[in-house]
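See below for start.txt, which holds compact mmCIF, C-alpha atoms.
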# COMPACT_ATOMS: atom_id res chain seq x y z
CA MET A 1 -22.97 20.35 -14.31
CA GLU A 2 -19.29 21.20 -14.16
CA PRO A 3 -17.99 21.44 -10.61
CA THR A 4 -17.68 24.83 -8.92
CA ASP A 5 -14.30 25.88 -7.57
CA ALA A 6 -15.41 24.94 -4.07
CA GLN A 7 -16.59 21.50 -5.20
CA ALA A 8 -13.32 20.90 -7.01
CA ALA A 9 -11.44 21.92 -3.85
CA CYS A 10 -13.47 19.43 -1.81
CA PHE A 11 -12.68 16.71 -4.35
CA GLU A 12 -8.96 17.52 -4.01
CA THR A 13 -9.26 17.31 -0.25
CA GLY A 14 -10.87 13.89 -0.45
CA ILE A 15 -8.01 12.66 -2.62
CA LYS A 16 -5.55 13.59 0.13
CA PHE A 17 -7.49 11.60 2.73
CA GLY A 18 -7.88 8.52 0.58
CA SER A 19 -4.16 8.66 -0.25
CA LEU A 20 -3.11 9.17 3.34
CA TYR A 21 -5.19 6.29 4.54
CA HIS A 22 -4.52 3.68 1.90
CA GLN A 23 -0.85 4.38 1.37
CA PHE A 24 -0.08 3.81 5.02
CA ALA A 25 -2.76 1.37 6.26
CA GLY A 26 -1.03 -1.85 7.20
CA THR A 27 2.29 -0.25 8.13
CA PRO A 28 3.90 -1.95 11.15
CA VAL A 29 3.67 0.49 14.05
CA SER A 30 4.63 0.48 17.73
CA PRO A 31 4.81 3.15 20.40
CA LYS A 32 8.48 3.58 19.48
CA SER A 33 7.90 4.13 15.75
CA ALA A 34 4.63 6.09 15.93
CA ALA A 35 6.24 9.52 15.76
CA SER A 36 8.36 8.84 12.67
CA LEU A 37 5.39 7.33 10.88
CA ALA A 38 3.17 10.33 11.65
CA ARG A 39 5.81 12.72 10.36
CA ALA A 40 6.35 10.76 7.15
CA MET A 41 2.60 10.63 6.53
CA GLU A 42 2.33 14.40 6.89
CA GLU A 43 5.28 15.23 4.68
CA ALA A 44 4.35 12.66 2.01
CA ILE A 45 0.82 13.96 1.50
CA GLU A 46 1.90 17.61 1.72
CA ASN A 47 3.72 16.91 -1.57
CA GLN A 48 0.42 16.47 -3.38
CA PRO A 49 -0.97 19.35 -5.44
CA ALA A 50 -2.87 22.08 -3.57
CA CYS A 51 -2.12 20.53 -0.18
CA ARG A 52 -1.18 23.23 2.29
CA GLU A 53 -0.90 21.26 5.50
CA VAL A 54 -1.38 17.78 6.91
CA ALA A 55 -1.37 17.00 10.64
CA VAL A 56 -1.36 13.38 11.78
CA GLU A 57 -1.64 12.41 15.40
CA VAL A 58 -1.07 8.78 16.22
CA ASP A 59 -2.92 7.71 19.36
CA GLU A 60 -0.01 6.24 21.31
CA ASP A 61 -2.26 4.70 23.96
CA ALA A 62 -4.24 2.88 21.30
CA VAL A 63 -1.03 1.75 19.59
CA ALA A 64 0.36 0.50 22.91
CA GLU A 65 -2.81 -1.47 23.52
CA VAL A 66 -2.93 -3.20 20.15
CA SER A 67 0.85 -3.79 20.24
CA ALA A 68 0.71 -5.57 23.57
CA ASP A 69 0.64 -9.12 22.23
CA HIS A 70 3.26 -9.05 19.50
CA GLY A 71 5.24 -5.86 20.12
CA TYR A 72 3.68 -4.04 17.19
CA ALA A 73 0.49 -3.74 15.19
CA GLU A 74 -0.58 -2.63 11.73
CA LEU A 75 -1.80 0.89 11.17
CA THR A 76 -5.56 1.31 10.85
CA GLY A 77 -7.87 4.27 11.18
CA ARG A 78 -8.46 3.37 14.82
CA LEU A 79 -4.90 4.40 15.62
CA PHE A 80 -4.64 7.94 14.31
CA GLU A 81 -6.47 11.18 13.63
CA ALA A 82 -5.68 13.53 10.79
CA GLU A 83 -6.44 17.04 9.60
CA VAL A 84 -5.81 18.24 6.06
CA VAL A 85 -5.90 21.79 4.72
CA VAL A 86 -6.17 22.25 0.96
CA GLU A 87 -6.18 25.46 -1.03
CA HIS A 88 -7.39 25.00 -4.58
CA GLN A 89 -8.53 27.70 -7.02
CA GLY A 90 -8.71 30.19 -4.17
CA VAL A 91 -10.90 28.03 -1.93
CA GLU A 92 -9.60 26.71 1.39
CA VAL A 93 -10.99 23.42 2.65
CA VAL A 94 -10.33 21.91 6.06
CA ALA A 95 -11.19 18.26 6.67
CA ARG A 96 -10.66 15.78 9.48
CA MET A 97 -10.63 12.09 10.18
CA ALA A 98 -11.60 10.87 13.65
CA MET A 99 -13.31 7.85 15.17
CA GLU A 100 -17.10 8.07 15.31
CA GLY A 101 -19.20 5.10 16.28
CA GLY A 102 -16.27 2.73 15.89
CA TYR A 103 -15.52 3.90 12.37
CA PRO A 104 -12.77 6.30 11.19
CA LEU A 105 -15.00 8.98 9.69
CA MET A 106 -13.56 11.52 7.25
CA ARG A 107 -15.49 14.74 6.81
CA VAL A 108 -15.17 18.31 5.62
CA VAL A 109 -15.07 20.76 8.50
CA SER A 110 -15.11 24.03 6.57
CA VAL A 111 -15.14 25.39 3.04
CA GLY A 112 -14.01 28.97 2.85
CA GLY A 113 -13.01 31.97 0.79
CA MET B 1 -18.78 27.47 6.32
CA GLU B 2 -20.13 23.96 6.60
CA PRO B 3 -19.98 22.04 3.32
CA THR B 4 -23.05 21.83 1.11
CA ASP B 5 -24.35 18.39 0.16
CA ALA B 6 -22.71 18.71 -3.25
CA GLN B 7 -19.36 19.68 -1.71
CA ALA B 8 -19.55 16.75 0.70
CA ALA B 9 -20.31 14.46 -2.24
CA CYS B 10 -17.24 15.75 -4.09
CA PHE B 11 -15.12 15.13 -1.00
CA GLU B 12 -16.41 11.54 -0.86
CA THR B 13 -15.54 11.10 -4.51
CA GLY B 14 -12.00 12.32 -3.93
CA ILE B 15 -11.58 9.79 -1.13
CA LYS B 16 -12.40 6.99 -3.57
CA PHE B 17 -9.75 8.16 -6.03
CA GLY B 18 -7.03 8.57 -3.43
CA SER B 19 -7.87 5.13 -2.05
CA LEU B 20 -7.93 3.48 -5.46
CA TYR B 21 -4.62 4.95 -6.43
CA HIS B 22 -2.60 4.49 -3.28
CA GLN B 23 -3.93 1.08 -2.30
CA PHE B 24 -2.88 -0.42 -5.59
CA ALA B 25 0.10 1.68 -6.76
CA GLY B 26 3.14 -0.56 -6.79
CA THR B 27 1.24 -3.80 -7.46
CA PRO B 28 3.16 -6.12 -9.79
CA VAL B 29 1.27 -6.16 -13.10
CA SER B 30 1.75 -7.77 -16.50
CA PRO B 31 -0.45 -8.14 -19.57
CA LYS B 32 -1.55 -11.50 -18.15
CA SER B 33 -2.63 -10.16 -14.74
CA ALA B 34 -4.01 -6.78 -15.81
CA ALA B 35 -7.63 -7.92 -16.02
CA SER B 36 -7.80 -9.48 -12.56
CA LEU B 37 -6.16 -6.42 -11.02
CA ALA B 38 -8.64 -4.06 -12.69
CA ARG B 39 -11.57 -6.12 -11.47
CA ALA B 40 -10.26 -6.27 -7.89
CA MET B 41 -9.67 -2.51 -7.89
CA GLU B 42 -13.25 -1.87 -9.00
CA GLU B 43 -14.86 -4.24 -6.51
CA ALA B 44 -12.66 -3.13 -3.61
CA ILE B 45 -13.47 0.56 -3.94
CA GLU B 46 -17.16 -0.12 -4.65
CA ASN B 47 -17.30 -1.36 -1.04
CA GLN B 48 -16.67 2.15 0.24
CA PRO B 49 -19.60 4.23 1.49
CA ALA B 50 -21.69 6.06 -1.14
CA CYS B 51 -19.73 4.52 -4.02
CA ARG B 52 -22.09 3.45 -6.76
CA GLU B 53 -19.70 2.34 -9.45
CA VAL B 54 -16.00 2.14 -10.25
CA ALA B 55 -14.65 1.35 -13.70
CA VAL B 56 -10.91 0.69 -14.13
CA GLU B 57 -9.34 0.16 -17.50
CA VAL B 58 -5.75 -0.97 -17.53
CA ASP B 59 -3.92 0.11 -20.68
CA GLU B 60 -2.60 -3.25 -21.82
CA ASP B 61 -0.32 -1.75 -24.46
CA ALA B 62 1.31 0.48 -21.88
CA VAL B 63 1.65 -2.47 -19.48
CA ALA B 64 3.20 -4.59 -22.23
CA GLU B 65 5.70 -1.85 -22.98
CA VAL B 66 6.86 -1.29 -19.41
CA SER B 67 6.88 -5.06 -18.76
CA ALA B 68 9.18 -5.77 -21.67
CA ASP B 69 12.44 -5.86 -19.73
CA HIS B 70 11.52 -7.87 -16.65
CA GLY B 71 8.22 -9.54 -17.55
CA TYR B 72 6.20 -7.29 -15.29
CA ALA B 73 6.06 -3.76 -13.93
CA GLU B 74 4.57 -1.94 -10.97
CA LEU B 75 1.22 -0.23 -11.28
CA THR B 76 1.33 3.54 -11.66
CA GLY B 77 -1.17 6.07 -12.91
CA ARG B 78 0.37 5.88 -16.37
CA LEU B 79 -1.00 2.37 -16.77
CA PHE B 80 -4.72 2.77 -16.10
CA GLU B 81 -7.72 5.06 -16.35
CA ALA B 82 -10.59 5.10 -13.90
CA GLU B 83 -14.10 6.48 -13.54
CA VAL B 84 -15.93 6.68 -10.23
CA VAL B 85 -19.61 7.43 -9.61
CA VAL B 86 -20.61 8.45 -6.10
CA GLU B 87 -24.08 9.20 -4.77
CA HIS B 88 -24.02 10.99 -1.45
CA GLN B 89 -26.88 12.87 0.20
CA GLY B 90 -28.81 12.81 -3.03
CA VAL B 91 -26.03 14.27 -5.15
CA GLU B 92 -24.41 12.23 -7.91
CA VAL B 93 -20.77 12.97 -8.75
CA VAL B 94 -18.84 11.50 -11.66
CA ALA B 95 -15.05 11.80 -11.69
CA ARG B 96 -12.26 10.47 -13.88
CA MET B 97 -8.55 9.86 -13.86
CA ALA B 98 -6.65 10.03 -17.13
CA MET B 99 -3.20 11.06 -18.31
CA GLU B 100 -2.83 14.75 -19.13
CA GLY B 101 0.55 16.26 -19.87
CA GLY B 102 2.36 13.21 -18.55
CA TYR B 103 0.52 13.26 -15.25
CA PRO B 104 -2.42 11.09 -14.11
CA LEU B 105 -4.95 13.87 -13.52
CA MET B 106 -8.03 13.21 -11.38
CA ARG B 107 -10.96 15.56 -11.89
CA VAL B 108 -14.68 15.88 -11.34
CA VAL B 109 -16.61 15.53 -14.57
CA SER B 110 -20.11 16.32 -13.32
CA VAL B 111 -22.02 17.17 -10.17
CA GLY B 112 -25.70 16.51 -10.45
CA GLY B 113 -29.09 16.46 -8.83
CA MET C 1 12.53 -31.23 3.85
CA GLU C 2 11.90 -28.90 6.75
CA PRO C 3 13.92 -25.70 6.53
CA THR C 4 17.19 -25.36 8.43
CA ASP C 5 17.58 -22.48 10.87
CA ALA C 6 19.62 -20.57 8.28
CA GLN C 7 16.98 -21.12 5.59
CA ALA C 8 14.25 -19.95 7.94
CA ALA C 9 16.32 -16.85 8.73
CA CYS C 10 16.69 -16.09 5.01
CA PHE C 11 12.91 -16.46 4.58
CA GLU C 12 12.38 -13.97 7.43
CA THR C 13 14.77 -11.56 5.77
CA GLY C 14 12.90 -11.78 2.49
CA ILE C 15 9.66 -10.95 4.27
CA LYS C 16 11.21 -7.71 5.53
CA PHE C 17 12.23 -6.66 2.02
CA GLY C 18 8.90 -7.45 0.43
CA SER C 19 7.15 -5.56 3.24
CA LEU C 20 9.45 -2.56 3.00
CA TYR C 21 9.02 -2.31 -0.72
CA HIS C 22 5.31 -2.86 -1.13
CA GLN C 23 4.15 -0.94 1.93
CA PHE C 24 5.85 2.21 0.75
CA ALA C 25 5.95 1.95 -3.06
CA GLY C 26 3.76 4.72 -4.45
CA THR C 27 4.30 7.12 -1.53
CA PRO C 28 4.53 10.74 -2.71
CA VAL C 29 8.15 11.82 -2.21
CA SER C 30 10.19 14.95 -2.90
CA PRO C 31 13.67 16.10 -1.92
CA LYS C 32 12.06 17.81 1.08
CA SER C 33 10.24 14.73 2.38
CA ALA C 34 12.80 12.07 1.52
CA ALA C 35 14.44 12.02 4.94
CA SER C 36 11.24 11.57 6.95
CA LEU C 37 10.11 8.81 4.63
CA ALA C 38 13.40 6.94 4.94
CA ARG C 39 13.25 7.14 8.72
CA ALA C 40 9.66 5.91 8.88
CA MET C 41 10.48 3.00 6.57
CA GLU C 42 13.36 1.95 8.81
CA GLU C 43 11.44 2.20 12.06
CA ALA C 44 8.31 0.53 10.66
CA ILE C 45 10.09 -2.58 9.42
CA GLU C 46 12.31 -2.79 12.51
CA ASN C 47 9.08 -3.58 14.38
CA GLN C 48 8.77 -6.88 12.56
CA PRO C 49 9.86 -10.09 14.34
CA ALA C 50 13.58 -10.92 14.29
CA CYS C 51 14.48 -7.67 12.54
CA ARG C 52 17.58 -6.16 14.11
CA GLU C 53 18.23 -3.22 11.83
CA VAL C 54 16.97 -1.56 8.69
CA ALA C 55 18.85 1.19 6.86
CA VAL C 56 17.15 3.04 4.02
CA GLU C 57 18.94 5.60 1.91
CA VAL C 58 16.82 7.62 -0.46
CA ASP C 59 18.79 8.82 -3.49
CA GLU C 60 18.05 12.54 -3.27
CA ASP C 61 19.50 13.27 -6.70
CA ALA C 62 17.24 10.68 -8.28
CA VAL C 63 14.25 12.03 -6.35
CA ALA C 64 15.07 15.57 -7.47
CA GLU C 65 15.26 14.43 -11.07
CA VAL C 66 11.93 12.58 -11.13
CA SER C 67 10.27 15.37 -9.10
CA ALA C 68 11.28 18.05 -11.57
CA ASP C 69 8.03 18.16 -13.55
CA HIS C 70 5.38 18.04 -10.83
CA GLY C 71 7.27 18.85 -7.61
CA TYR C 72 7.13 15.29 -6.36
CA ALA C 73 7.15 11.70 -7.54
CA GLU C 74 6.04 8.31 -6.27
CA LEU C 75 8.48 6.07 -4.49
CA THR C 76 9.86 3.19 -6.53
CA GLY C 77 12.89 0.97 -6.14
CA ARG C 78 14.86 3.29 -8.40
CA LEU C 79 14.82 5.93 -5.69
CA PHE C 80 16.26 4.17 -2.67
CA GLU C 81 18.66 1.51 -1.43
CA ALA C 82 18.11 -0.58 1.67
CA GLU C 83 19.99 -2.93 3.96
CA VAL C 84 18.28 -5.27 6.41
CA VAL C 85 19.84 -7.29 9.23
CA VAL C 86 17.80 -10.15 10.67
CA GLU C 87 18.69 -12.45 13.54
CA HIS C 88 16.48 -15.52 13.69
CA GLN C 89 17.13 -18.73 15.62
CA GLY C 90 20.71 -17.68 16.19
CA VAL C 91 21.48 -17.00 12.53
CA GLU C 92 22.30 -13.51 11.32
CA VAL C 93 21.38 -12.60 7.75
CA VAL C 94 22.35 -9.40 5.96
CA ALA C 95 20.57 -8.48 2.72
CA ARG C 96 20.54 -5.48 0.41
CA MET C 97 18.50 -3.89 -2.30
CA ALA C 98 20.26 -1.85 -4.97
CA MET C 99 19.81 -1.08 -8.66
CA GLU C 100 21.39 -3.60 -11.01
CA GLY C 101 20.78 -3.45 -14.74
CA GLY C 102 17.88 -1.05 -14.30
CA TYR C 103 16.13 -3.26 -11.78
CA PRO C 104 16.02 -2.91 -7.97
CA LEU C 105 17.62 -6.25 -7.08
CA MET C 106 17.24 -7.68 -3.57
CA ARG C 107 19.80 -10.24 -2.49
CA VAL C 108 21.33 -11.89 0.54
CA VAL C 109 24.82 -10.61 1.25
CA SER C 110 25.79 -12.93 4.12
CA VAL C 111 24.43 -15.73 6.25
CA GLY C 112 26.32 -16.13 9.48
CA GLY C 113 26.74 -17.81 12.79
CA MET D 1 29.22 -16.60 4.17
CA GLU D 2 27.53 -16.27 0.81
CA PRO D 3 24.05 -17.82 0.77
CA THR D 4 23.55 -21.32 -0.60
CA ASP D 5 21.08 -21.82 -3.43
CA ALA D 6 18.50 -23.10 -0.95
CA GLN D 7 18.99 -20.08 1.33
CA ALA D 8 18.63 -17.71 -1.62
CA ALA D 9 15.44 -19.53 -2.64
CA CYS D 10 14.05 -19.09 0.89
CA PHE D 11 14.89 -15.38 0.76
CA GLU D 12 13.01 -15.09 -2.55
CA THR D 13 10.03 -16.84 -1.01
CA GLY D 14 9.98 -14.43 1.91
CA ILE D 15 9.94 -11.50 -0.52
CA LYS D 16 6.77 -12.86 -2.09
CA PHE D 17 5.02 -13.09 1.30
CA GLY D 18 6.03 -9.63 2.42
CA SER D 19 4.90 -8.22 -0.92
CA LEU D 20 1.59 -10.08 -0.89
CA TYR D 21 0.81 -8.93 2.60
CA HIS D 22 1.82 -5.30 2.48
CA GLN D 23 0.63 -4.51 -1.02
CA PHE D 24 -2.89 -5.60 -0.19
CA ALA D 25 -3.29 -5.00 3.57
CA GLY D 26 -5.89 -2.29 4.04
CA THR D 27 -7.83 -3.08 0.85
CA PRO D 28 -11.59 -2.66 1.35
CA VAL D 29 -13.10 -6.15 1.27
CA SER D 30 -16.57 -7.65 1.68
CA PRO D 31 -18.04 -11.08 1.09
CA LYS D 32 -18.98 -9.88 -2.41
CA SER D 33 -15.50 -8.70 -3.39
CA ALA D 34 -13.43 -11.35 -1.64
CA ALA D 35 -13.06 -13.59 -4.68
CA SER D 36 -11.81 -10.90 -7.06
CA LEU D 37 -9.32 -9.69 -4.48
CA ALA D 38 -7.94 -13.19 -3.90
CA ARG D 39 -7.50 -13.73 -7.61
CA ALA D 40 -5.75 -10.38 -8.13
CA MET D 41 -3.41 -11.11 -5.20
CA GLU D 42 -2.43 -14.46 -6.71
CA GLU D 43 -1.86 -13.16 -10.22
CA ALA D 44 -0.01 -10.04 -9.07
CA ILE D 45 2.56 -11.91 -7.00
CA GLU D 46 2.95 -14.69 -9.59
CA ASN D 47 4.49 -11.97 -11.78
CA GLN D 48 7.47 -11.71 -9.46
CA PRO D 49 10.71 -13.49 -10.40
CA ALA D 50 10.97 -17.22 -9.58
CA CYS D 51 7.38 -17.37 -8.35
CA ARG D 52 5.72 -20.52 -9.65
CA GLU D 53 2.38 -20.38 -7.89
CA VAL D 54 0.43 -18.36 -5.35
CA ALA D 55 -2.83 -19.53 -3.79
CA VAL D 56 -4.86 -17.12 -1.66
CA GLU D 57 -7.95 -18.17 0.19
CA VAL D 58 -10.00 -15.43 1.77
CA ASP D 59 -11.95 -16.64 4.79
CA GLU D 60 -15.42 -15.52 3.77
CA ASP D 61 -16.91 -16.22 7.18
CA ALA D 62 -14.32 -14.02 8.84
CA VAL D 63 -14.87 -11.30 6.24
CA ALA D 64 -18.64 -11.48 6.78
CA GLU D 65 -18.14 -11.12 10.50
CA VAL D 66 -15.86 -8.08 10.38
CA SER D 67 -18.00 -6.50 7.64
CA ALA D 68 -21.17 -6.73 9.67
CA ASP D 69 -21.11 -3.19 11.05
CA HIS D 70 -20.18 -1.12 8.00
CA GLY D 71 -20.71 -3.45 5.03
CA TYR D 72 -17.01 -3.97 4.46
CA ALA D 73 -13.71 -4.19 6.28
CA GLU D 74 -10.03 -3.75 5.49
CA LEU D 75 -7.91 -6.72 4.59
CA THR D 76 -5.64 -8.03 7.34
CA GLY D 77 -3.86 -11.31 7.87
CA ARG D 78 -6.78 -12.55 9.95
CA LEU D 79 -8.91 -12.70 6.82
CA PHE D 80 -6.91 -14.88 4.45
CA GLU D 81 -4.48 -17.75 4.14
CA ALA D 82 -1.85 -18.05 1.44
CA GLU D 83 0.55 -20.59 -0.03
CA VAL D 84 3.47 -19.66 -2.25
CA VAL D 85 5.68 -21.94 -4.34
CA VAL D 86 9.01 -20.55 -5.54
CA GLU D 87 11.58 -22.22 -7.73
CA HIS D 88 14.92 -20.47 -7.66
CA GLN D 89 18.28 -21.84 -8.83
CA GLY D 90 16.80 -25.33 -9.00
CA VAL D 91 15.44 -25.30 -5.45
CA GLU D 92 11.70 -25.46 -4.80
CA VAL D 93 10.39 -23.79 -1.66
CA VAL D 94 6.83 -24.02 -0.37
CA ALA D 95 5.67 -21.57 2.31
CA ARG D 96 2.37 -20.76 3.98
CA MET D 97 0.67 -18.07 5.98
CA ALA D 98 -2.02 -19.05 8.46
CA MET D 99 -3.31 -17.83 11.81
CA GLU D 100 -1.47 -19.24 14.83
CA GLY D 101 -2.10 -17.91 18.30
CA GLY D 102 -3.96 -14.90 16.96
CA TYR D 103 -1.13 -13.92 14.66
CA PRO D 104 -0.83 -14.47 10.88
CA LEU D 105 2.32 -16.60 10.90
CA MET D 106 4.34 -17.05 7.71
CA ARG D 107 6.63 -20.07 7.55
CA VAL D 108 8.52 -22.32 5.18
CA VAL D 109 6.86 -25.71 4.82
CA SER D 110 9.44 -27.44 2.65
CA VAL D 111 12.73 -26.85 0.88
CA GLY D 112 13.39 -29.33 -1.86
CA GLY D 113 15.57 -30.55 -4.68
As C-alpha cells:
Amino acid sequence: MEPTDAQAACFETGIKFGSLYHQFAGTPVSPKSAASLARAMEEAIENQPACREVAVEVDEDAVAEVSADHGYAELTGRLFEAEVVVEHQGVEVVARMAMEGGYPLMRVVSVGG
Amino acid sequence: MEPTDAQAACFETGIKFGSLYHQFAGTPVSPKSAASLARAMEEAIENQPACREVAVEVDEDAVAEVSADHGYAELTGRLFEAEVVVEHQGVEVVARMAMEGGYPLMRVVSVGG
Amino acid sequence: MEPTDAQAACFETGIKFGSLYHQFAGTPVSPKSAASLARAMEEAIENQPACREVAVEVDEDAVAEVSADHGYAELTGRLFEAEVVVEHQGVEVVARMAMEGGYPLMRVVSVGG
Amino acid sequence: MEPTDAQAACFETGIKFGSLYHQFAGTPVSPKSAASLARAMEEAIENQPACREVAVEVDEDAVAEVSADHGYAELTGRLFEAEVVVEHQGVEVVARMAMEGGYPLMRVVSVGG
C-alpha cells in the first residue's frame, strides 16, 4: 500500500536522524569544541525539508572522559542525545536518540495531528 | 500518540536513507570506482537493524560526465539511485531515492503486511 | 629516506585538510546556517594534533545561489575557503584551500622555522 | 618559504589520509561487509590527484569483537590499517596508518627520488 501521511512523516523523521548521525560521526570533538559542533548539527539538519526543530545535546562529561588520553575524541552516538521535530503533510512527529543498553537508540516518541 | 508498528517501520527506513546518503556523500568517485562504492554502500547499510536489502545503482554516465574535468567527482544524490527494504515489527517497507525535478527525492513506495 | 621535520609537518597539514573536507562535505548548508558550520569546522579540526589554527570562510553568496531552488544545498569545496596553520616538531606550515580553475585546490603557502 | 617538491608531496599524502579517515569513519561495518568497505576505500582515494596506490586492511578480528553486541559496529581507526603511495612532482611518498599506544597514528614511512 501507499504510505499514509503519518507514515510518510515518520519516514522523513528517520531521514533526519540518519543524516544527523552519519554526517557528523567521526568529527573530532573535545569539551572545548562540543558546543559549536552541537549548534552546527542542529542548524545543518534544520535545513532539510519538513524539519521544524533539531536539538542536540553533547554529553560534556562523556566527551571529557573519552578525550582524556589524546585531548580529543571522535563523535559517536555515545557522546550526544538528539531530538528532532518534523512536520510533514500536516502530521507532527517527535523522535529522540538516547543511549539504551549501550546502544544509541533512535525512536519515535509521538505522532500527532 | 505512540507510533504504530507501520509508522515505526517507516521511521527505520528513513534512518537507512539518511545514513546511506550522508555517510557517503562527498566520496571521490569515477567510472572506474563506481561499482566498488555501490557495493560498499549496500553492504554497509544492510548491517543496520531491520534492514533486509539495499540496492544502489550508480549512474555511470552521470559520473563520467562530472568526472570529465578532473578525472573524478564527489558523490552526490545526482549520481546514484537507491532502494531500501526494511522489515520491522512484521511490517515491510520499500523506499526509493531517485532524481525528481533536479532533486534527489527519497520516498516510501509501499508499506505492507 | 625518512622524512625531515619539515616534510612531516607538511604531511600533518595535509591530514588536516583532508579531514576538514571529507568530514563536512555533504553537510546541508544555507545562508542561515553557514556561520555555525564554519565555526564547528574550525573548532573540530583545531582539536587534531599539532593544529594551531583553522580559519574557514563560507562564501555566503555562493551558498545563496546554490540554495535558491530547494532552500539549502550540500557543502562542497566550491562553497568555502580554508586556511590551516600547523606547528609540528618546531616547523610551522601554512596551507590554504581556494577555487582555482573550477577546482578547490589545496596547497602549502609557506614552510617556516 | 615556498614548499619544496618533497614537502608538497608530503602535504598531498596527508590529504589522502585525512580524506580516507574522515570520509569513512562511522560507516556501519561487520565481518561480512569488511571486504567491500576496504575495497571501496582504496578505489575512492586512488581517484585523488597524484595518488598511485592505496591499500586498506580491515582487522576482521577487531571488527568481530566490536560487532559482537549489535551485529555491527562503526568504522574507526582501531579497525583498519592503511598504506598510501603518492607520486607528486617526481617525488614518491609512502605513508602508513597503524595503531600505536591506543591511537591510530598516521606517519610518513619514506620520501624518495
Pull out every residue of chain B sitting within 6 Å of chain D, counting all atoms listed in the file, and send them as a PyMOL selection string. chain B and resi 28-29+33+36-37+40+43-44
Atoms to include: C-alpha atoms. Write the selected residues as a PDB file, in the coordinates of the input.
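Output file again_30.pdb is given in full below:
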ATOM      1  CA  PRO B  28       3.160  -6.120  -9.790  1.00  0.00           C
ATOM      2  CA  VAL B  29       1.270  -6.160 -13.100  1.00  0.00           C
ATOM      3  CA  SER B  33      -2.630 -10.160 -14.740  1.00  0.00           C
ATOM      4  CA  SER B  36      -7.800  -9.480 -12.560  1.00  0.00           C
ATOM      5  CA  LEU B  37      -6.160  -6.420 -11.020  1.00  0.00           C
ATOM      6  CA  ALA B  40     -10.260  -6.270  -7.890  1.00  0.00           C
ATOM      7  CA  GLU B  43     -14.860  -4.240  -6.510  1.00  0.00           C
ATOM      8  CA  ALA B  44     -12.660  -3.130  -3.610  1.00  0.00           C
TER       9      ALA B  44
END
For Arg96 (chain D), please output as a PyMOL selection string all residues within 9 Å (counting all atoms listed in the file; exclusion window: fewer than 4 positions along the same chain). chain D and resi 17+81-84+105-109
Restrict the selected residues to C-alpha atoms and save them as a PDB file, keeping the file's coordinate frame.
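Here's the written file selection.pdb:
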ATOM      1  CA  PHE D  17       5.020 -13.090   1.300  1.00  0.00           C
ATOM      2  CA  GLU D  81      -4.480 -17.750   4.140  1.00  0.00           C
ATOM      3  CA  ALA D  82      -1.850 -18.050   1.440  1.00  0.00           C
ATOM      4  CA  GLU D  83       0.550 -20.590  -0.030  1.00  0.00           C
ATOM      5  CA  VAL D  84       3.470 -19.660  -2.250  1.00  0.00           C
ATOM      6  CA  LEU D 105       2.320 -16.600  10.900  1.00  0.00           C
ATOM      7  CA  MET D 106       4.340 -17.050   7.710  1.00  0.00           C
ATOM      8  CA  ARG D 107       6.630 -20.070   7.550  1.00  0.00           C
ATOM      9  CA  VAL D 108       8.520 -22.320   5.180  1.00  0.00           C
ATOM     10  CA  VAL D 109       6.860 -25.710   4.820  1.00  0.00           C
TER      11      VAL D 109
END
Please tell me which residues are no farther than 12 Å from (12.9, -28.2, 8.0) in the file, counting all atoms listed in the file, and write them as a ChimeraX atom specification. /C:1-9 /D:6,10,93-95,107-112
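Of the residues listed (B:Val58, B:Leu75, B:Val86, B:Ala98), B:Val86 shows the shortest atom-to-atom separation from Gly14 (chain B); distances use all atoms listed in the file.
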Pairwise distance for CA of Tyr21 (chain A) and CA of Gly77 (chain A), rounded to one decimal in Å: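 Those two atoms sit 7.4 Å apart.
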Between CA of Cys51 (chain A) and CA of His88 (chain B) - distance in Å to one decimal: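 For CA of His88 (chain B) relative to CA of Cys51 (chain A), the distance reads 23.9 Å.
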Which value, in Å to one decimal, gives the distance between CA of Pro104 (chain B) and CA of Val66 (chain B)?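 Interatomic distance here is 16.4 Å.
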